[in-house]
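The block underneath contains the structure these notes are about, expressed in structure tokens.
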Amino acid sequence: MNKVDESGQLSLDFIIGFTIFMTTLIAVATLSSGLLIELQSKTIDLDAIAYRTSVILLEDPGEGNTPQYSYDWQLYDLKDYSQRNSVLRLGLRGHTVTPLISSSNFYMPLDSKFPHNILQDSKVNKFFSFNSSSSCGSGSNFCYPDDYNKKLIFGDIKYNFNITISGIDGVKRYTIGPQAPNQAGYIRRVARIAEPGNYSVICNVDGTSNSISAFYNSDDLFQDLSYVYWLNLDTDDIVINLTNISSSIVDLTNIEITKKWVYPSIITINDIEPTIIISNATSNPTKISGLPVRVDNSTSIRLQSGFLKKNSLQFSGTAPRDDWMRFNFTFSQNITSLPEYAYVYNGVGVTPPHLTPVIVEVWIW
Amino acid sequence: MVNSNNGQLYTIEGITASLILLATVYFVVGGTTVYSLGDTHVNDLQLEVLGNDILLVLDTPPVFNSSAVSKYEKEKTPLEEWVQKDDSTAFDSNFTTLLKRTSIASIPGGLDQRLNYTAIIWYDNGTQKFFSGVRFEDKMKGNTVSVSRLIRYGATRFAAFEVRIWRD
């Protein structure tokens, strides 16, 4: 007959064996919960990439590889493959290099970044004049999207992106990329664009001369005010507007640009950009080969930034301090009585360089 | 002999079963408490960066004031001007536009109305003053960020201009 043990006690062997078993079970279960982690899809923090992109846009002046003008990547000739390749980062923060300016009793060049969140107008224009076609590598624009992935967003994954700059009135001023889906990484920043302003010369068709001379003098431009508010002739667009033309048959027949220390003193202008462009409200923009052209009160003449660099005529760096540049516009009839229109920051008709607040938004997906 | 019709467990089965139950409950509960502070952190970063940007922009003169005489007047910024004149309306309209303006298509009117702020000035003599925005502290939410900037108040005095921003 079998003896049945009804005492409800466990033998010591069993307790020890059971303890070892439970310990092992718990340890294995805990360790195995981490086995599947590598199989989860990696979630990329798209917000962080959007923030990083906004930092490069707003707080980095960008970089090219040309030693003397490494911050002025917007002036590089992108048709030249080696110059296009040497643009490393597309930062929009402003930067200025000046000729020798006075500081106490010394003359020294100023080579300084703008305070952060101040964007340079010529960099913004160059950044947003992109080309999406497959043959854009041989042109003078940055290629969308490859150049932007390589020089701004970085990383191995080809992110989609949209960068939009709007004014405080809500009007979109610049945009690149398609509209973002709802789940995109996003950042919104506020910055200012240092706009160069313009010079509205007041004409007089009853005057005695048929030529207007607009004069830009180093001494007047590089003054003792914060360099953020200077008109930087090397990197800014120079805009001259014609006003008070009360006749309807005035033509602009010739443009000459002269500069001190340059022999022969008259500079050759051709149609290859950057160049001088004449715009009217009613006709297509005209270049130098399209002269003579009818002008009126809506006429705006723009010397694109980079013109001086292309012709090796910069004001910056080791150029002498007492330097000047003059525009001579010749017309088909009398246009003024003033021998010269000198640009000074508080002069009549001058809209001085100013900072315009803008909203910068970056989407990444 | 034990009459086993009443469905009781033997001791060892009982202990094993209960231990397995406890272990299962422990793993299930332990595996579900994932504490993701990451989301809040990114929101804070966005608001903080935006707030700092706006104060920086408002604290820079848009044009050089060439007609001013003293160095202080030449460098006076719009923000300092509003603080000196106690012009909270001008500050409110400028700050709100920069805070809320967006080009996101789904936000009506281009202004994100979910963002709110309150602006406080801390003077260098220890006093403080509510300046602009939502006045009552209990309307602020837990993810409020605070940004501040040192400004000049008069030619020789300073103040800390603090703005607290939150999302509704």
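Chain lettering (A, B, ...) mirrors the order of the structure tokens, residue numbering begins at 1 for each chain separately, and ligand numbering begins at 1 in order of display.
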
Inset, instruction - Identify every residue of chain A that has at least one atom within 8 Å of any atom of chain B, counting only C-alpha atoms, and report the result as a count of residues only. - result: 32

Inset, instruction - Run DSSP on the backbone and give me the residues of region 59-165 of chain B it puts in strand (DSSP E or B), as a ChimeraX atom specification. - result: /B:101,111,115-123,128-133,145-153,157-165

Cut-off 12 Å: closest region 259-300 of chain A/region 127-142 of chain A atom pairs per residue, using only C-alpha atoms, as a Markdown table:
```
| residue | atom | partner | partner_atom | distance |
| --- | --- | --- | --- | --- |
| A:Ile272 | CA | A:Ser140 | CA | 10.7 |
| A:Glu273 | CA | A:Ser140 | CA | 9.1 |
| A:Pro274 | CA | A:Ser140 | CA | 10.3 |
```

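From CA of Trp73 (chain A) back to CA of Phe307 (chain A), the distance works out to 14.0 Å.
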
Inset, instruction - Taking the chain letters and numbering used in this document, name the residues of region 97-319 of chain A that DSSP puts in alpha helix (DSSP H), as a ChimeraX atom specification. - result: /A:121-128,146-148,218-221,307-310

Emit the selected residues as a short mmCIF file (atom, residue, chain, number, x, y, z; two decimals), in the first residue's frame, including C-alpha atoms.
```cif
data_model
loop_
_atom_site.label_atom_id
_atom_site.label_comp_id
_atom_site.auth_asym_id
_atom_site.auth_seq_id
_atom_site.Cartn_x
_atom_site.Cartn_y
_atom_site.Cartn_z
CA ASP A 121 19.74 90.11 -49.21
CA SER A 122 22.02 88.86 -51.99
CA LYS A 123 22.40 85.48 -50.28
CA VAL A 124 18.63 85.10 -49.91
CA ASN A 125 18.10 85.97 -53.58
CA LYS A 126 20.74 83.49 -54.72
CA PHE A 127 19.45 80.76 -52.43
CA PHE A 128 15.93 80.97 -53.80
CA ASP A 146 20.54 67.91 -54.95
CA ASP A 147 22.60 70.98 -54.10
CA TYR A 148 20.32 71.76 -51.18
CA SER A 218 33.67 105.07 -49.90
CA ASP A 219 34.01 107.85 -47.37
CA ASP A 220 30.26 108.40 -47.35
CA LEU A 221 29.38 104.73 -47.26
CA PHE A 307 29.30 92.63 -60.85
CA LEU A 308 32.26 94.23 -59.12
CA LYS A 309 33.74 90.87 -58.18
CA LYS A 310 33.34 89.54 -61.70
#
```

Close residues, Thr89 (chain B) itself excluded, 10 Å, only C-alpha atoms, min 3 positions apart in chain, as an mmCIF file with N, CA and C atoms, in the first residue's frame:
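What landed in selection-v2.cif:
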```cif
data_model
loop_
_atom_site.group_PDB
_atom_site.id
_atom_site.type_symbol
_atom_site.label_atom_id
_atom_site.label_comp_id
_atom_site.auth_asym_id
_atom_site.auth_seq_id
_atom_site.Cartn_x
_atom_site.Cartn_y
_atom_site.Cartn_z
ATOM 1 N N TRP B 82 9.660 101.363 -26.500
ATOM 2 C CA TRP B 82 8.336 101.032 -25.972
ATOM 3 C C TRP B 82 8.353 100.920 -24.457
ATOM 4 N N ASP B 86 6.324 103.265 -22.031
ATOM 5 C CA ASP B 86 5.257 102.429 -21.498
ATOM 6 C C ASP B 86 4.189 102.147 -22.548
ATOM 7 N N ASP B 92 2.620 95.002 -28.001
ATOM 8 C CA ASP B 92 1.711 93.869 -28.161
ATOM 9 C C ASP B 92 1.469 93.579 -29.642
ATOM 10 N N SER B 93 1.232 94.641 -30.417
ATOM 11 C CA SER B 93 0.902 94.375 -31.825
ATOM 12 C C SER B 93 2.113 93.834 -32.567
ATOM 13 N N ASN B 94 3.305 94.361 -32.304
ATOM 14 C CA ASN B 94 4.493 93.845 -32.981
ATOM 15 C C ASN B 94 4.849 92.440 -32.525
ATOM 16 N N PHE B 95 4.812 92.212 -31.207
ATOM 17 C CA PHE B 95 5.212 90.912 -30.697
ATOM 18 C C PHE B 95 4.246 89.841 -31.159
ATOM 19 N N PHE B 131 3.873 94.079 -18.014
ATOM 20 C CA PHE B 131 3.942 95.037 -19.128
ATOM 21 C C PHE B 131 2.876 94.795 -20.185
ATOM 22 N N SER B 132 2.731 93.534 -20.610
ATOM 23 C CA SER B 132 1.811 93.312 -21.732
ATOM 24 C C SER B 132 1.406 91.846 -21.782
ATOM 25 N N GLY B 133 0.311 91.556 -22.461
ATOM 26 C CA GLY B 133 -0.090 90.167 -22.673
ATOM 27 C C GLY B 133 -1.168 89.743 -21.684
#
```

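If you look at CA of Val360 (chain A) and CA of Glu195 (chain A), they are 16.0 Å away from each other.
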
Inset, instruction - Please provide as an MDAnalysis selection string all residues within 10 Å of region 233-241 of chain A, with the sequence filter that same-chain residues fewer than 4 positions apart are discarded (counting only C-alpha atoms). - result: chainID A and resid 72 74:75 94:98 120:123 194:202 214 216 218 221 274 276:279 296:309 313:316 325 327 349:350 353

Inset, instruction - Might you pull out every residue within 9 Å of Leu88 (chain A), with only C-alpha atoms counted and same-chain residues fewer than 6 positions away left off, and present them as a PyMOL selection string? - result: chain A and resi 62-65+73+150-152

I need the chosen residues saved as a short mmCIF file (atom, residue, chain, number, x, y, z; two decimals), in the first residue's frame, with C-alpha atoms.
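Wrote it out as part.cif, contents follow:
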```cif
data_model
loop_
_atom_site.label_atom_id
_atom_site.label_comp_id
_atom_site.auth_asym_id
_atom_site.auth_seq_id
_atom_site.Cartn_x
_atom_site.Cartn_y
_atom_site.Cartn_z
CA GLY A 62 27.81 79.79 -45.13
CA GLU A 63 31.16 78.78 -46.49
CA GLY A 64 32.91 78.48 -49.81
CA ASN A 65 36.42 77.38 -50.43
CA TRP A 73 29.32 82.09 -51.70
CA LYS A 150 24.25 68.28 -50.04
CA LYS A 151 24.93 71.79 -48.83
CA LEU A 152 22.16 72.47 -46.32
#
```

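Between Thr96 (chain B) and the candidates B:Ile121, B:Ala159, B:Val147, B:Leu115, the tightest atom-to-atom separation, counting only C-alpha atoms, involves B:Leu115.
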